[in-house]
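Engineer: Quick one: the structure is below, questions incoming.
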Amino acid sequence: MDNFKILSLLRGDRPGTITLALVIALCAIVPVLNLLVPPDSPFYLSSYTVTLLGKYLCFALLALAVDLIWGYCGILSLGHGAFFALGGYAMGMYLMRQIGDRGVYGNSDLPDFMVFLNWTELPWYWLGFDMFWFAMLMVAVVPGLLAFVFGYLAFRSRVTGVYFSIITQAMTYALMLAFFLNNAGFGGNNGLTDFKEIAGFSLQAESTRISLFVLSGAALVLGYIVCRYIISSKLGRVLVAVRDAESRTRFMGYRVEHYKLFVFVVSAVLAGIAGALYVPQVGIINPGEFSPINSIEIIIWVALGGRATLYGAIIGAFVVNYGKTYFTGAFPELWLFMLGALFVVSTLFFPKGLVGMVQQWQDSRANKRARAAVEGVA
Amino acid sequence: MIPVENTGPLKSVLYVDAVTVSFDGFKALNGLSLMLEPGELRAVIGPNGAGKTTMMDVITGKVKPTEGKVFFKDTVDLTRYDEADIANMGIGRKFQKPTVLESLTVFENLELALSGNRGVWRSLFYKRNAAALQRIDDTLYAIRLQSRRDWLAGALSHGQKQWLEIGMLLIQEPDLMLIDEPAAGMTDEETALTAELLKRISGERTVVVVEHDMEFVKALDCSVTVLHEGRMLAEGSLEHVQQDDRVIEVYLGR
């Protein structure tokens, strides 16, 4: 695809273009403030802040994935945290294998937790994860495959609406329980951690942190363009048709289940990539990431930002997660109440989210100006 | 797509053969038989609960009959296929309540309905072409919505939505069109225009209209099938069925 096509995709999407420009600006400024500005300067950004912003970028990509299916196709997945976590585990398994003999037990063939369990050889599903390309492939394939199988069964049986939401919650809950088991071979309760390096670069190095941060930003921008391409195509209009009148679309001769399955798998792969970028930045992945509450939080980001806009999801992810960082520090016991209240208030009073509010405000200002102009003439 | 084998001239476009549909013992259709010839315009009338909508559901694959078969173009047994297959074979349906895609424009509604490949990949890489644009413009003209081309379908009046939906059927170039209460909620003028539109459409294709409004049926000037309690009660011209004692009994009470 040449540049012109990408630009034409963004034509008519001014707020989206602005959002992307901000993301790109963030990716340009943060490395400078972190690496080139001396630590005693007031403009210096600590590594802690870089990691935090990198996390927000991953969450924004995850929110984008959810908005693609929920906003445009009406599929309310309450299990998208599972695809994020699976992408994260695939990355985590690669990072574990990179530790080699630098673990506590010094065993170059087995991760520490397997030695601790007295396992003697690597389970088959860990094979290949020492290779970077294979692990990166699995980051997309594992969530994509699960979404394909799960979606195939659910959409073929025409499970929709709240029933679909409930079974996706059950899916992520079941996966959480499975990953908690020590015998499952994913580190149980503790998950995977103590990572040393990625593709030969130390994870402790400032430059690696910054690179991961910029990569997350690039993934977000690319993810946005992919989603934008999908929703601007005829397929995107079929998705909206499915959202608004599913059986009508079927009578028009569209195989609704194929469309849903396609977009569900794309969304799961994006979520998996977000998870894979998240894990090396935070340095740990554990079964808690599968927790049903995580998946619900993603929905809140999207709802608060503004559904079916794509850029609204990015803004929502940043705003809510910044709020979470601030309030869990300042008033830790109040955060969950605030999150709940935010959700209730936004669904009741701002059903189109933050970006909808801005839109409304702009429209009313334009109206006022038009009225003033008319009065001025009279 | 399901290939429809054509050997020799068609005897019937649709042949409903002794179809029974029971929902928990209640027979919505009770041994209904019906035959439609190519190019025919047929009105189906009947009191509420007569089975008109269930008949449409069976033909379009939404409901599977408990007994009986439905043949399309003499040979294809429709009871073996689902909605999307049947739609792609060339059977279009307009619902009672107009269900246009409200958050898309009139143009986009017609574009989605336009006959063509409905596959996921084809849609993802679809490009508009001149022939398709021409077809859409022709259809806009036929349904008198040229001036509303770029309006959101949700902003149309009730009557215009009905026409858009008829246009969405038309552009699929179906051989058989099933139209459920097209005149419901229309003004007298709109009703007359709709009847004219449907008369114009039939001939090239077979059209079945389910309707309550006798004035509208009279304006269609076609043969009429009267349903009652899941069976056919009478068939023939409107004057003929209006003189039928059983029809009078069902419609006017004992």
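Letters A, B, ... mark the chains of the structure tokens in the order given; residue numbers begin at 1 per chain; ligand numbers begin at 1, in order shown.
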Need the shell around Val266 (chain A): protein/DNA/RNA residues with any atom at most 9 Å away, counting only C-alpha atoms. Skip same-chain ones fewer than 6 positions apart. Format as a ChimeraX atom specification?
Structural biologist: /A:65,68,144,147,227
Engineer: Quick one: write out the picked residues with C-alpha atoms as a compact mmCIF listing (two decimals), in the first residue's frame?
Structural biologist:
```txt
# COMPACT_ATOMS: atom_id res chain seq x y z
CA ALA A 65 -9.58 -3.91 19.09
CA LEU A 68 -13.77 -2.55 16.19
CA GLY A 144 -6.44 -15.65 16.59
CA ALA A 147 -11.07 -16.47 18.59
CA CYS A 227 -9.17 -0.82 11.65
```
Engineer: What's the 9 Å shell around Cys73 (chain A), counting only C-alpha atoms, without same-chain residues fewer than 3 positions away, as number ranges by chain?
Structural biologist: A: 67-70, 76, 236, 238-244, 260, 263
Engineer: Write to file, as a compact mmCIF listing (two decimals), in the first residue's frame, the residues of the selection just made, with C-alpha atoms.
Structural biologist:
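Contents of the output file result07.txt:
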```txt
# COMPACT_ATOMS: atom_id res chain seq x y z
CA ASP A 67 -14.18 -0.86 19.57
CA LEU A 68 -13.77 -2.55 16.19
CA ILE A 69 -16.10 -5.40 17.17
CA TRP A 70 -18.33 -3.65 19.69
CA LEU A 76 -19.93 -7.05 23.09
CA GLY A 236 -17.26 -2.12 7.26
CA VAL A 238 -21.79 -4.79 6.21
CA LEU A 239 -20.59 -4.82 9.83
CA VAL A 240 -22.70 -1.76 10.62
CA ALA A 241 -25.63 -3.45 8.88
CA VAL A 242 -25.13 -6.51 11.10
CA ARG A 243 -24.98 -4.29 14.17
CA ASP A 244 -28.19 -2.45 13.33
CA LYS A 260 -18.50 -11.62 12.56
CA VAL A 263 -13.71 -9.15 12.54
```
Engineer: Which neighbours of Glu297 (chain A) fall inside 10 Å, counting only C-alpha atoms, when residues of the same chain fewer than 6 positions from it are skipped, and could you give them as a list in words?
Structural biologist: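 Result of the neighbour search: Ala63, Leu78, Gly81, Ala303, Ala317, Val320, Asn321, Leu339, Gly340 and Phe343 of chain A.
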Engineer: List every residue of region 112-302 of chain A that DSSP, applied to the backbone of this structure, places in helix (DSSP H, G or I), and write the result as an NGL selection string.
Structural biologist: :A and (112-116 or 124-126 or 132-156 or 161-180 or 182-184 or 188-190 or 206-232 or 234-244 or 246-251 or 256-282 or 287-290 or 292-302)
Engineer: Could you write out as a list of chain:residue names the residues of chain A within 7 Å of chain B, counting only C-alpha atoms?
Structural biologist: A:Ile230, A:Ser233, A:Lys234, A:Leu235, A:Ala241, A:Asp244, A:Ala245, A:Arg248, A:Arg250, A:Phe251, A:Met252, A:Gly253, A:Tyr254, A:Arg255, A:His258, A:Tyr259
Engineer: Could those selected residues go to a file with C-alpha atoms, as a compact mmCIF listing (two decimals), in the first residue's frame?
Structural biologist:
```txt
# COMPACT_ATOMS: atom_id res chain seq x y z
CA ILE A 230 -11.73 -2.30 7.52
CA SER A 233 -14.41 -0.76 3.11
CA LYS A 234 -17.70 -2.26 2.01
CA LEU A 235 -17.06 -4.89 4.67
CA ALA A 241 -25.63 -3.45 8.88
CA ASP A 244 -28.19 -2.45 13.33
CA ALA A 245 -30.28 -5.16 11.66
CA ARG A 248 -32.10 -8.02 7.56
CA ARG A 250 -28.92 -12.16 6.40
CA PHE A 251 -31.94 -11.82 4.11
CA MET A 252 -29.82 -9.65 1.84
CA GLY A 253 -27.68 -12.73 1.33
CA TYR A 254 -24.72 -11.93 3.57
CA ARG A 255 -23.24 -14.71 5.66
CA HIS A 258 -18.48 -15.18 8.39
CA TYR A 259 -18.33 -11.41 8.79
```
